[in-house]
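Peer 1: File follows, query08.cif with mmCIF, C-alpha atoms:
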```cif
data_coords
loop_
_atom_site.label_atom_id
_atom_site.label_comp_id
_atom_site.auth_asym_id
_atom_site.auth_seq_id
_atom_site.Cartn_x
_atom_site.Cartn_y
_atom_site.Cartn_z
CA MET A 6 2.76 -19.10 22.61
CA GLU A 7 2.98 -15.36 21.99
CA THR A 8 -0.29 -13.59 21.21
CA PHE A 9 -0.80 -10.71 18.79
CA THR A 10 -3.83 -8.84 17.52
CA TYR A 11 -4.53 -9.74 13.90
CA TYR A 12 -6.17 -7.49 11.33
CA PRO A 13 -7.17 -9.31 8.11
CA GLY A 14 -8.96 -6.48 6.27
CA CYS A 15 -11.79 -6.67 3.74
CA THR A 16 -10.16 -8.45 0.82
CA LEU A 17 -8.63 -11.27 2.88
CA ARG A 18 -12.10 -12.49 3.76
CA THR A 19 -13.31 -12.45 0.17
CA LYS A 20 -11.05 -12.50 -2.91
CA ALA A 21 -7.76 -13.11 -1.10
CA LYS A 22 -8.65 -15.96 1.24
CA ASP A 23 -5.38 -17.75 0.52
CA LEU A 24 -3.40 -14.81 1.85
CA ASP A 25 -5.35 -14.99 5.13
CA VAL A 26 -5.80 -18.74 5.64
CA TYR A 27 -2.13 -19.61 5.12
CA ALA A 28 -0.98 -16.68 7.25
CA ARG A 29 -3.03 -17.96 10.19
CA LYS A 30 -2.12 -21.63 9.68
CA SER A 31 1.58 -20.81 9.47
CA ALA A 32 1.54 -18.50 12.49
CA GLU A 33 0.03 -21.27 14.58
CA ALA A 34 2.72 -23.68 13.46
CA LEU A 35 5.36 -21.09 14.35
CA GLY A 36 4.00 -20.62 17.87
CA ILE A 37 2.22 -17.32 17.31
CA ALA A 38 -1.44 -16.87 18.29
CA LEU A 39 -3.29 -14.32 16.15
CA VAL A 40 -6.46 -12.91 17.71
CA GLU A 41 -8.88 -10.88 15.65
CA PRO A 42 -10.50 -7.85 17.26
CA GLU A 43 -14.30 -7.85 17.34
CA ASN A 44 -16.19 -5.86 14.71
CA TRP A 45 -13.15 -4.60 12.84
CA GLN A 46 -13.78 -2.29 9.91
CA CYS A 47 -12.20 -1.93 6.49
CA CYS A 48 -9.11 0.31 6.61
CA GLY A 49 -10.22 2.31 3.54
CA GLY A 50 -7.61 0.87 1.19
CA THR A 51 -5.57 4.04 0.86
CA TYR A 52 -4.23 6.64 3.25
CA THR A 53 -5.45 10.17 2.71
CA THR A 54 -2.44 12.42 3.12
CA ALA A 55 -4.66 15.52 3.45
CA THR A 56 -3.96 17.23 6.76
CA ASN A 57 -7.55 18.48 7.03
CA GLU A 58 -9.28 15.13 6.68
CA VAL A 59 -9.95 13.02 9.76
CA ALA A 60 -13.09 10.96 9.12
CA THR A 61 -11.38 8.72 6.55
CA LYS A 62 -8.66 7.85 9.08
CA LEU A 63 -10.92 6.79 11.94
CA SER A 64 -11.35 3.14 11.00
CA ALA A 65 -7.57 2.70 11.11
CA VAL A 66 -7.46 4.41 14.51
CA ARG A 67 -10.17 2.08 15.84
CA THR A 68 -8.12 -0.91 14.74
CA LEU A 69 -4.97 0.51 16.33
CA MET A 70 -6.81 1.19 19.57
CA ALA A 71 -8.19 -2.36 19.67
CA ALA A 72 -4.59 -3.59 19.75
CA LYS A 73 -3.25 -1.05 22.23
CA ASP A 74 -2.92 -3.44 25.16
CA SER A 75 -1.62 -6.40 23.17
CA ASN A 76 1.88 -7.30 21.99
CA GLY A 77 1.16 -5.55 18.71
CA LEU A 78 -1.05 -5.41 15.65
CA VAL A 79 -0.26 -7.78 12.79
CA THR A 80 -1.34 -7.02 9.22
CA VAL A 81 -0.79 -9.05 6.06
CA CYS A 82 -2.28 -7.07 3.17
CA SER A 83 0.14 -4.40 1.94
CA ALA A 84 -2.63 -1.80 1.63
CA CYS A 85 -3.98 -2.33 5.16
CA HIS A 86 -0.46 -2.21 6.45
CA ASN A 87 0.27 1.04 4.65
CA VAL A 88 -2.92 2.77 5.82
CA ILE A 89 -2.59 1.62 9.42
CA LYS A 90 1.11 2.39 9.72
CA GLN A 91 0.80 5.84 8.13
CA THR A 92 -2.15 6.64 10.42
CA ASN A 93 -0.15 5.49 13.43
CA TYR A 94 2.89 7.51 12.39
CA ASP A 95 0.96 10.71 11.74
CA ILE A 96 -1.08 10.52 14.93
CA SER A 97 2.08 9.94 16.97
CA LYS A 98 3.70 13.07 15.51
CA ASN A 99 0.68 15.35 15.39
CA GLU A 100 -1.07 16.29 18.61
CA ALA A 101 -3.75 18.32 16.85
CA MET A 102 -4.72 15.24 14.84
CA ALA A 103 -4.77 13.09 17.99
CA ASN A 104 -7.08 15.60 19.69
CA LYS A 105 -9.36 15.85 16.69
CA VAL A 106 -9.67 12.05 16.58
CA LYS A 107 -10.36 12.05 20.33
CA ARG A 108 -13.28 14.42 19.82
CA TYR A 109 -14.63 12.56 16.79
CA LEU A 110 -14.59 9.21 18.58
CA ASP A 111 -15.55 10.70 21.96
CA LEU A 112 -12.59 9.05 23.68
CA GLU A 113 -11.70 9.55 27.32
CA GLU A 114 -8.04 9.66 26.47
CA ALA A 115 -6.42 10.58 23.15
CA TYR A 116 -4.78 7.78 21.15
CA LYS A 117 -1.23 8.86 20.35
CA GLY A 118 0.21 5.98 18.35
CA GLU A 119 1.11 3.64 21.23
CA THR A 120 0.41 0.41 19.30
CA THR A 121 3.28 -1.39 17.56
CA VAL A 122 2.31 -2.42 14.04
CA TYR A 123 3.96 -5.42 12.41
CA HIS A 124 3.58 -6.58 8.88
CA TYR A 125 3.48 -10.37 8.85
CA LEU A 126 6.93 -10.33 7.19
CA GLU A 127 8.23 -8.21 10.07
CA LEU A 128 6.71 -10.71 12.48
CA LEU A 129 8.67 -13.47 10.74
CA ARG A 130 11.88 -11.43 10.78
CA ASP A 131 11.68 -9.72 14.17
CA VAL A 132 9.60 -12.01 16.39
CA VAL A 133 9.99 -15.53 14.96
CA GLY A 134 13.35 -14.92 13.28
CA PHE A 135 14.27 -16.15 9.80
CA ASP A 136 16.81 -18.63 11.28
CA LYS A 137 14.10 -20.18 13.39
CA LEU A 138 11.75 -20.28 10.42
CA LYS A 139 14.42 -22.07 8.39
CA GLU A 140 14.62 -24.81 11.02
CA LYS A 141 10.88 -25.47 10.69
CA VAL A 142 10.87 -25.81 6.90
CA VAL A 143 10.05 -29.34 5.74
CA ASN A 144 9.51 -28.69 2.00
CA PRO A 145 12.25 -26.27 0.96
CA PHE A 146 11.88 -24.52 -2.41
CA LYS A 147 15.19 -25.96 -3.52
CA GLY A 148 16.46 -24.69 -6.85
CA LYS A 149 13.44 -22.38 -7.30
CA LYS A 150 14.19 -18.86 -8.44
CA ILE A 151 11.67 -16.64 -6.72
CA ALA A 152 11.16 -12.94 -7.40
CA ALA A 153 9.97 -10.83 -4.46
CA TYR A 154 7.55 -8.12 -5.50
CA TYR A 155 7.33 -5.31 -2.93
CA GLY A 156 5.32 -2.91 -5.06
CA CYS A 157 4.77 0.51 -3.56
CA LEU A 158 2.79 0.08 -0.36
CA LEU A 159 5.07 -2.12 1.74
CA LEU A 160 8.00 0.28 1.74
CA ARG A 161 6.82 3.82 1.19
CA PRO A 162 6.84 6.41 2.63
CA SER A 163 9.78 4.86 4.46
CA LYS A 164 9.76 7.32 7.37
CA ALA A 165 6.30 6.02 8.32
CA LEU A 166 6.57 2.40 7.17
CA ALA A 167 10.10 1.90 8.55
CA MET A 168 10.17 -1.72 7.44
CA ASP A 169 13.25 -1.85 5.27
CA ASP A 170 15.49 0.19 2.96
CA PRO A 171 12.95 1.60 0.47
CA GLU A 172 15.30 1.36 -2.52
CA ASN A 173 17.26 -1.76 -1.68
CA PRO A 174 15.02 -3.91 0.52
CA SER A 175 15.93 -7.40 1.69
CA ILE A 176 13.13 -8.65 3.97
CA MET A 177 11.33 -10.65 1.26
CA GLU A 178 14.58 -11.98 -0.20
CA ASP A 179 15.60 -13.13 3.30
CA PHE A 180 12.20 -14.79 3.61
CA ILE A 181 12.76 -16.60 0.28
CA LYS A 182 16.16 -17.82 1.51
CA ALA A 183 14.60 -19.03 4.76
CA ILE A 184 12.12 -21.22 2.86
CA GLY A 185 14.96 -22.65 0.78
CA GLY A 186 14.46 -20.70 -2.48
CA THR A 187 16.82 -18.50 -4.44
CA PRO A 188 15.79 -14.83 -4.52
CA VAL A 189 15.87 -13.00 -7.83
CA ILE A 190 16.76 -9.29 -7.74
CA TYR A 191 15.22 -7.24 -10.56
CA ALA A 192 14.76 -3.56 -11.32
CA GLN A 193 10.98 -3.27 -10.96
CA ARG A 194 10.60 -4.99 -7.59
CA ASN A 195 9.63 -1.78 -5.76
CA GLU A 196 7.72 -0.03 -8.55
CA CYS A 197 3.92 0.21 -8.74
CA CYS A 198 1.76 -2.45 -10.49
CA GLY A 199 -0.89 0.11 -11.49
CA GLY A 200 -3.09 -0.48 -8.43
CA TYR A 201 -6.67 0.74 -8.65
CA ILE A 202 -6.16 2.31 -12.10
CA THR A 203 -7.28 -1.10 -13.43
CA LEU A 204 -10.86 0.07 -12.82
CA GLU A 205 -10.76 2.78 -15.46
CA ASP A 206 -7.60 2.38 -17.49
CA LYS A 207 -6.77 -1.23 -18.34
CA ALA A 208 -4.02 -0.13 -20.73
CA GLN A 209 -2.10 1.67 -18.01
CA ALA A 210 -2.52 -1.27 -15.61
CA ALA A 211 -1.27 -3.59 -18.35
CA LYS A 212 1.75 -1.40 -19.02
CA ARG A 213 2.76 -1.24 -15.35
CA SER A 214 2.14 -4.88 -14.48
CA SER A 215 3.82 -6.23 -17.62
CA ALA A 216 6.88 -4.08 -16.85
CA VAL A 217 7.11 -5.80 -13.45
CA MET A 218 6.62 -9.32 -14.81
CA ASP A 219 9.01 -8.81 -17.75
CA SER A 220 11.66 -7.40 -15.45
CA ALA A 221 11.41 -10.40 -13.07
CA GLN A 222 11.34 -12.91 -15.92
CA SER A 223 14.34 -11.33 -17.63
CA MET A 224 16.36 -12.00 -14.48
CA GLY A 225 15.39 -15.67 -14.60
CA ALA A 226 12.52 -15.87 -12.11
CA ASP A 227 10.33 -19.01 -12.04
CA MET A 228 7.63 -17.32 -9.99
CA ILE A 229 6.83 -14.06 -8.25
CA ILE A 230 5.45 -13.46 -4.75
CA THR A 231 3.48 -10.57 -3.26
CA ALA A 232 1.67 -9.54 -0.07
CA CYS A 233 -0.98 -7.49 -1.86
CA PRO A 234 -4.28 -8.75 -3.38
CA LEU A 235 -4.39 -5.90 -5.88
CA CYS A 236 -0.80 -6.53 -7.02
CA LEU A 237 -1.67 -10.21 -7.46
CA TYR A 238 -4.72 -9.26 -9.51
CA ASN A 239 -2.82 -6.86 -11.79
CA LEU A 240 0.16 -9.18 -12.26
CA LYS A 241 -2.12 -12.13 -13.08
CA LYS A 242 -4.91 -10.48 -15.05
CA ASN A 243 -3.37 -7.44 -16.68
CA SER A 244 0.26 -8.29 -17.38
CA GLY A 245 -0.24 -10.81 -20.17
CA SER A 246 2.51 -12.91 -18.59
CA ASP A 247 1.98 -16.54 -17.60
CA MET A 248 4.63 -16.65 -14.89
CA PRO A 249 2.96 -17.90 -11.69
CA VAL A 250 2.08 -15.30 -9.03
CA TYR A 251 1.58 -16.36 -5.40
CA TYR A 252 0.97 -14.80 -2.04
CA PHE A 253 4.06 -15.17 0.13
CA THR A 254 1.92 -16.91 2.76
CA GLU A 255 1.10 -19.71 0.28
CA LEU A 256 4.78 -20.48 -0.12
CA LEU A 257 5.30 -20.20 3.62
CA ALA A 258 2.56 -22.75 4.34
CA GLU A 259 3.87 -25.07 1.64
CA ALA A 260 7.40 -24.87 3.02
CA LEU A 261 6.10 -25.64 6.50
CA GLY A 262 4.21 -28.66 5.16
CA LEU A 263 0.81 -27.14 5.88
CA LYS A 264 -0.51 -27.04 2.34
CA GLU A 265 -1.93 -30.19 0.80
CA ASP A 266 -1.79 -29.36 -2.87
CA ASN A 267 1.51 -28.56 -4.49
CA ASN A 268 1.87 -25.53 -6.67
CA GLU A 269 4.56 -26.96 -8.92
CA MET B 15 -4.59 33.73 -9.20
CA ASN B 16 -7.08 32.57 -6.61
CA LYS B 17 -5.23 33.17 -3.36
CA ASN B 18 -7.75 31.40 -1.15
CA GLN B 19 -7.61 28.32 -3.31
CA LYS B 20 -3.82 28.25 -3.20
CA ASN B 21 -3.82 28.69 0.58
CA TRP B 22 -6.34 25.90 0.95
CA ILE B 23 -4.24 23.55 -1.17
CA ASP B 24 -1.12 24.42 0.84
CA ILE B 25 -2.97 23.67 4.08
CA THR B 26 -4.48 20.44 2.75
CA SER B 27 -1.17 19.08 1.42
CA GLY B 28 0.97 20.30 4.30
CA VAL B 29 3.70 20.77 1.68
CA ASN B 30 5.98 23.78 1.31
CA VAL B 31 6.20 23.98 -2.49
CA LEU B 32 8.93 26.64 -2.22
CA LYS B 33 11.40 23.92 -1.19
CA CYS B 34 11.34 22.52 -4.75
CA MET B 35 14.63 22.99 -6.64
CA ARG B 36 13.22 21.89 -10.04
CA CYS B 37 15.35 18.77 -10.44
CA GLY B 38 12.44 16.85 -11.98
CA LYS B 39 13.18 13.61 -10.19
CA CYS B 40 9.51 13.24 -9.16
CA SER B 41 8.36 13.21 -12.77
CA ALA B 42 11.27 11.05 -13.90
CA THR B 43 10.27 8.34 -11.43
CA CYS B 44 6.48 8.65 -11.85
CA PRO B 45 4.91 5.43 -13.21
CA SER B 46 2.06 7.48 -14.71
CA TYR B 47 4.27 10.03 -16.48
CA ASP B 48 3.16 9.06 -20.00
CA GLU B 49 -0.51 9.19 -19.07
CA MET B 50 -0.34 12.65 -17.52
CA GLU B 51 -0.96 16.00 -19.12
CA TYR B 52 0.58 17.75 -16.09
CA HIS B 53 3.41 15.89 -14.38
CA PRO B 54 4.30 15.83 -10.67
CA HIS B 55 6.91 18.62 -10.96
CA GLN B 56 4.32 20.74 -12.79
CA PHE B 57 1.80 20.23 -10.00
CA VAL B 58 4.40 21.57 -7.59
CA TYR B 59 5.36 24.69 -9.54
CA MET B 60 1.86 25.47 -10.81
CA VAL B 61 0.59 25.40 -7.22
CA GLU B 62 3.53 27.62 -6.27
CA LYS B 63 2.48 30.12 -8.93
CA GLY B 64 -1.20 29.78 -8.03
CA ASP B 65 -1.97 28.49 -11.52
CA ILE B 66 -4.43 25.95 -10.19
CA GLU B 67 -7.45 26.05 -12.51
CA PRO B 68 -5.81 23.98 -15.31
CA LEU B 69 -4.85 21.33 -12.74
CA LEU B 70 -8.36 21.18 -11.29
CA ASN B 71 -9.78 20.43 -14.73
CA SER B 72 -7.11 17.96 -15.83
CA LYS B 73 -7.51 14.18 -16.06
CA SER B 74 -3.98 13.98 -14.64
CA LEU B 75 -5.60 14.20 -11.19
CA TYR B 76 -6.94 10.69 -11.69
CA LYS B 77 -3.74 9.19 -13.08
CA CYS B 78 -1.68 9.44 -9.89
CA LEU B 79 -1.39 5.92 -8.41
CA THR B 80 -0.44 7.13 -4.92
CA CYS B 81 2.62 4.89 -5.07
CA PHE B 82 4.68 7.46 -3.12
CA ALA B 83 7.69 7.05 -5.43
CA CYS B 84 7.95 10.84 -5.81
CA VAL B 85 7.54 11.32 -2.06
CA GLU B 86 10.33 8.87 -1.29
CA ARG B 87 12.74 10.05 -3.97
CA CYS B 88 12.43 13.84 -3.74
CA PRO B 89 15.85 15.10 -2.59
CA ARG B 90 14.20 18.14 -0.98
CA GLY B 91 11.40 16.37 0.86
CA VAL B 92 8.72 18.25 -1.09
CA GLU B 93 6.42 15.20 -1.32
CA PRO B 94 4.68 15.95 -4.65
CA ALA B 95 2.01 13.20 -4.27
CA LYS B 96 0.58 15.17 -1.35
CA VAL B 97 0.22 18.20 -3.64
CA VAL B 98 -1.55 16.10 -6.28
CA GLU B 99 -3.83 14.71 -3.57
CA ALA B 100 -4.66 18.19 -2.27
CA VAL B 101 -5.57 19.44 -5.76
CA ARG B 102 -7.64 16.30 -6.44
CA LEU B 103 -9.49 16.75 -3.15
CA THR B 104 -10.15 20.39 -4.01
CA ALA B 105 -11.82 19.13 -7.18
CA VAL B 106 -13.82 16.19 -5.80
CA ARG B 107 -14.88 17.95 -2.61
CA GLN B 108 -16.99 20.27 -4.75
CA GLN B 109 -20.64 19.32 -4.88
CA GLY B 110 -21.47 17.11 -7.85
CA ASN B 111 -17.83 16.71 -8.84
CA ASN B 112 -17.19 13.11 -7.83
CA HIS B 113 -15.04 11.25 -10.32
CA LEU B 114 -16.53 7.85 -9.49
CA ILE B 115 -20.16 7.10 -8.67
CA PRO B 116 -21.60 3.76 -7.49
CA ASP B 117 -23.62 3.26 -10.70
CA MET B 118 -20.35 3.00 -12.62
CA ILE B 119 -19.09 0.06 -10.55
CA PRO B 120 -21.05 -2.95 -11.92
CA ASP B 121 -19.50 -2.56 -15.39
CA MET B 122 -16.03 -2.46 -13.87
CA LEU B 123 -16.36 -5.73 -11.94
CA ASP B 124 -14.99 -9.14 -12.82
CA ASP B 125 -14.83 -12.32 -10.76
CA ASP B 126 -11.32 -11.75 -9.48
CA LEU B 127 -11.29 -8.02 -8.79
CA PRO B 128 -10.33 -7.49 -5.13
CA GLN B 129 -12.61 -5.30 -2.97
CA GLN B 130 -9.49 -3.33 -2.14
CA ALA B 131 -9.51 -1.79 -5.64
CA ILE B 132 -13.08 -0.50 -5.29
CA VAL B 133 -12.61 0.81 -1.75
CA THR B 134 -9.39 2.58 -2.73
CA ALA B 135 -10.87 4.14 -5.85
CA PHE B 136 -13.81 5.50 -3.85
CA ARG B 137 -11.47 7.00 -1.27
CA LYS B 138 -9.52 8.69 -4.05
CA TYR B 139 -12.21 9.74 -6.46
CA THR B 140 -15.32 10.39 -4.37
CA LYS B 141 -16.22 12.56 -1.38
#
```
Just dump the structure as structure tokens.

Peer 2:
Amino acid sequence: METFTYYPGCTLRTKAKDLDVYARKSAEALGIALVEPENWQCCGGTYTTATNEVATKLSAVRTLMAAKDSNGLVTVCSACHNVIKQTNYDISKNEAMANKVKRYLDLEEAYKGETTVYHYLELLRDVVGFDKLKEKVVNPFKGKKIAAYYGCLLLRPSKALAMDDPENPSIMEDFIKAIGGTPVIYAQRNECCGGYITLEDKAQAAKRSSAVMDSAQSMGADMIITACPLCLYNLKKNSGSDMPVYYFTELLAEALGLKEDNNE
Amino acid sequence: MNKNQKNWIDITSGVNVLKCMRCGKCSATCPSYDEMEYHPHQFVYMVEKGDIEPLLNSKSLYKCLTCFACVERCPRGVEPAKVVEAVRLTAVRQQGNNHLIPDMIPDMLDDDLPQQAIVTAFRKYTK
């Protein structure tokens, strides 16, 4: 069994338990051990691109450092993944930032981006392998048309995230094929759901999330999947659409026969 | 024009606004275009000109979703979202100029709202 460091993040322990629970259950079934670092902190939810701000990036650095000697750091939430990967990218390219962080955290040695960060989908693609995953599927989503929703955070900025082609991605579609479903390609799959604007402008959140749902539905989708708790919230609560929205880990667990109830 | 302010924004964003060739792709792809008074391409050229005061006082600062669409799609690698962020930080870093304060949160909550939304909004709107 291969072991990785696992970072759940704040929302996966509260409002997005399904995203977390089914990720861990499925990893175990696929022969991957996920070990949580002690006393992890919230990543901050968004990466501050300001070059002269360090304090807001420290929690991500602490998480990265906790995984330095392991096979890699696995994230599930799109926002955590974005923050941690952008932090890792910037600190690996910017010695001044690495030294500033070293002084802030009083480190003996500067952290320079040595940890490999995997999104759970990358773990499935690059460590487990979609072919191998396919072999383990016991409840394939046969005949189901599933729309993959990337949103903004999984893919961009692509030079830091380096997960897939930012304009024509395939990792989630390949995942859908591996669990026996039929992926639906639609125009809005990598456009923003409105994110945190839901706090102060419901109309804008409604406009963005309904554009995503309408686009997926117009291409014949039966359901839509996401890796982000805030996307799920906007698509469910603000879009006005009744098409089902699931975390990709829910479908994964169901396909692997690890979920008792059926989301038909 | 306030030269210090412009310099500070250039340092904060790390962006060379002179690289912009005015194609407008950033604004064309912006999901918040309709909600903005000043659009991403305007942030870039107004910072270039040092015309920063109108931006600092505009609600457009709080309409950017940080989706990085403009960063990804700019053919010149200008990364407009970083300019918007630098101007927003210049505004909220001023004493008493936070856009979001904790007392406002209870009215914004519902049973399903993920923590992620609150944490992110505080990072963006409050220093």

Peer 1: Could you jot down the CA of Thr8 in chain A to CA of Leu78 in chain A separation for me, Å, one decimal place?

Peer 2: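 Here the two named atoms are 9.9 Å from each other.
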
Peer 1: Near Ile25 in chain B, counting only C-alpha atoms, which residues have an atom at most 12 Å away, once you skip same-chain residues fewer than 2 positions from it, shown as a PDB file with C-alpha atoms, keeping the file's coordinate frame?

Peer 2:
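For reference, part_11.pdb as written:
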```pdb
ATOM      1  CA  THR A  54      -2.440  12.420   3.120  1.00  0.00           C
ATOM      2  CA  ALA A  55      -4.660  15.520   3.450  1.00  0.00           C
ATOM      3  CA  THR A  56      -3.960  17.230   6.760  1.00  0.00           C
ATOM      4  CA  ASN A  57      -7.550  18.480   7.030  1.00  0.00           C
ATOM      5  CA  GLU A  58      -9.280  15.130   6.680  1.00  0.00           C
TER       6      GLU A  58
ATOM      7  CA  ASN B  18      -7.750  31.400  -1.150  1.00  0.00           C
ATOM      8  CA  GLN B  19      -7.610  28.320  -3.310  1.00  0.00           C
ATOM      9  CA  LYS B  20      -3.820  28.250  -3.200  1.00  0.00           C
ATOM     10  CA  ASN B  21      -3.820  28.690   0.580  1.00  0.00           C
ATOM     11  CA  TRP B  22      -6.340  25.900   0.950  1.00  0.00           C
ATOM     12  CA  ILE B  23      -4.240  23.550  -1.170  1.00  0.00           C
ATOM     13  CA  SER B  27      -1.170  19.080   1.420  1.00  0.00           C
ATOM     14  CA  GLY B  28       0.970  20.300   4.300  1.00  0.00           C
ATOM     15  CA  VAL B  29       3.700  20.770   1.680  1.00  0.00           C
ATOM     16  CA  ASN B  30       5.980  23.780   1.310  1.00  0.00           C
ATOM     17  CA  VAL B  31       6.200  23.980  -2.490  1.00  0.00           C
ATOM     18  CA  VAL B  61       0.590  25.400  -7.220  1.00  0.00           C
ATOM     19  CA  LYS B  96       0.580  15.170  -1.350  1.00  0.00           C
ATOM     20  CA  VAL B  97       0.220  18.200  -3.640  1.00  0.00           C
ATOM     21  CA  GLU B  99      -3.830  14.710  -3.570  1.00  0.00           C
ATOM     22  CA  ALA B 100      -4.660  18.190  -2.270  1.00  0.00           C
ATOM     23  CA  VAL B 101      -5.570  19.440  -5.760  1.00  0.00           C
ATOM     24  CA  LEU B 103      -9.490  16.750  -3.150  1.00  0.00           C
ATOM     25  CA  THR B 104     -10.150  20.390  -4.010  1.00  0.00           C
TER      26      THR B 104
END
```

Peer 1: Please evaluate the PyMOL selection byres ((chain B) within 8 of (chain A)) against the displayed coordinates and give the resulting residues as a PyMOL selection string.

Peer 2: chain B and resi 25-28+45-46+49+77+79+81-83+85-86+96+99-100+122+126-135+137-138

Peer 1: On this structure, the PyMOL selection byres ((chain B and resi 115) around 10) would catch which residues? List them as a PDB file with C-alpha atoms, in the frame of the given file, sorted by chain and number.

Peer 2:
```
ATOM      1  CA  ASN B 111     -17.830  16.710  -8.840  1.00  0.00           C
ATOM      2  CA  ASN B 112     -17.190  13.110  -7.830  1.00  0.00           C
ATOM      3  CA  HIS B 113     -15.040  11.250 -10.320  1.00  0.00           C
ATOM      4  CA  LEU B 114     -16.530   7.850  -9.490  1.00  0.00           C
ATOM      5  CA  PRO B 116     -21.600   3.760  -7.490  1.00  0.00           C
ATOM      6  CA  ASP B 117     -23.620   3.260 -10.700  1.00  0.00           C
ATOM      7  CA  MET B 118     -20.350   3.000 -12.620  1.00  0.00           C
ATOM      8  CA  ILE B 119     -19.090   0.060 -10.550  1.00  0.00           C
ATOM      9  CA  PHE B 136     -13.810   5.500  -3.850  1.00  0.00           C
ATOM     10  CA  TYR B 139     -12.210   9.740  -6.460  1.00  0.00           C
ATOM     11  CA  THR B 140     -15.320  10.390  -4.370  1.00  0.00           C
ATOM     12  CA  LYS B 141     -16.220  12.560  -1.380  1.00  0.00           C
TER      13      LYS B 141
END
```

Peer 1: Care to translate the PyMOL selection byres ((chain A and resi 192) around 12) into actual residues of this file, as a ChimeraX atom specification?

Peer 2: /A:152-156,172-174,189-191,193-197,216-224

Peer 1: What's the separation between CA of Val92 in chain B and CA of Met60 in chain B, in Å to one decimal place?

Peer 2: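 According to the coordinates, CA of Val92 in chain B and CA of Met60 in chain B are separated by 13.9 Å.
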
Peer 1: Can you work out which one of B:Pro89, B:Pro120, B:Pro94, B:Gly38 has the shortest atom-to-atom distance to Glu62 in chain B, counting only C-alpha atoms?

Peer 2: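 Checking each of B:Pro89, B:Pro120, B:Pro94, B:Gly38 against Glu62 in chain B, counting only C-alpha atoms, the winner is B:Pro94.
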
Peer 1: For Tyr76 in chain B, which residue among B:Lys63, B:Arg90, B:Arg102, B:His55 is the nearest when counting all atoms listed in the file?

Peer 2: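 Using all atoms listed in the file, Tyr76 in chain B sits closest to B:Arg102.
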
Peer 1: Please, what distance in Å, to one decimal, runs between CA of Asn104 in chain A and CA of Leu63 in chain A?

Peer 2: 12.3 Å

Peer 1: Leaving out Val81 in chain A and any residue of its chain fewer than 5 positions from it, which residues lie within 9 Å of it when counting all atoms listed in the file, given as a count of residues only?

Peer 2: 16

Peer 1: For Thr92 in chain A, which of A:Lys147, A:Arg67, A:Lys62, A:Arg108 is the closest residue, counting all atoms listed in the file?

Peer 2: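 For Thr92 in chain A, the nearest of the candidates is A:Lys62.
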
Peer 1: Quick one: of B:Phe57, B:Cys88, B:Glu51, B:Ala42, who's nearest to Ser72 in chain B, counting only C-alpha atoms?

Peer 2: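 With only C-alpha atoms as the atom set, the closest residue is B:Glu51.
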
Peer 1: For a quick check of understanding, using only C-alpha atoms, which of B:Lys17, B:Arg107, B:Lys73, B:Arg87 has the smallest distance to Ser41 in chain B?

Peer 2: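 The shortest atom-to-atom distance to Ser41 in chain B comes from B:Arg87.
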
Peer 1: Any chance you could export range 166-191 of chain A with C-alpha atoms, as a PDB file, in the first residue's frame?

Peer 2:
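Ended up saving to result-v1.pdb:
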```
ATOM      1  CA  LEU A 166      -1.574  24.112 -11.480  1.00  0.00           C
ATOM      2  CA  ALA A 167      -0.153  22.056 -14.373  1.00  0.00           C
ATOM      3  CA  MET A 168      -2.933  19.497 -14.094  1.00  0.00           C
ATOM      4  CA  ASP A 169      -4.392  19.508 -17.572  1.00  0.00           C
ATOM      5  CA  ASP A 170      -4.992  21.642 -20.669  1.00  0.00           C
ATOM      6  CA  PRO A 171      -6.751  24.695 -19.168  1.00  0.00           C
ATOM      7  CA  GLU A 172      -9.064  25.198 -22.145  1.00  0.00           C
ATOM      8  CA  ASN A 173      -9.667  21.628 -23.238  1.00  0.00           C
ATOM      9  CA  PRO A 174      -9.213  19.443 -20.155  1.00  0.00           C
ATOM     10  CA  SER A 175      -9.869  15.711 -20.096  1.00  0.00           C
ATOM     11  CA  ILE A 176      -8.984  14.409 -16.616  1.00  0.00           C
ATOM     12  CA  MET A 177     -12.564  14.475 -15.282  1.00  0.00           C
ATOM     13  CA  GLU A 178     -14.002  13.104 -18.515  1.00  0.00           C
ATOM     14  CA  ASP A 179     -11.481  10.242 -18.354  1.00  0.00           C
ATOM     15  CA  PHE A 180     -12.551   9.663 -14.758  1.00  0.00           C
ATOM     16  CA  ILE A 181     -16.213   9.507 -15.862  1.00  0.00           C
ATOM     17  CA  LYS A 182     -15.308   6.956 -18.546  1.00  0.00           C
ATOM     18  CA  ALA A 183     -13.392   4.890 -15.985  1.00  0.00           C
ATOM     19  CA  ILE A 184     -16.481   4.618 -13.761  1.00  0.00           C
ATOM     20  CA  GLY A 185     -18.561   3.563 -16.758  1.00  0.00           C
ATOM     21  CA  GLY A 186     -20.405   6.832 -17.487  1.00  0.00           C
ATOM     22  CA  THR A 187     -20.610   8.917 -20.635  1.00  0.00           C
ATOM     23  CA  PRO A 188     -18.943  12.337 -20.323  1.00  0.00           C
ATOM     24  CA  VAL A 189     -20.810  15.376 -21.600  1.00  0.00           C
ATOM     25  CA  ILE A 190     -18.714  18.207 -23.065  1.00  0.00           C
ATOM     26  CA  TYR A 191     -20.284  21.665 -22.710  1.00  0.00           C
TER      27      TYR A 191
END
```
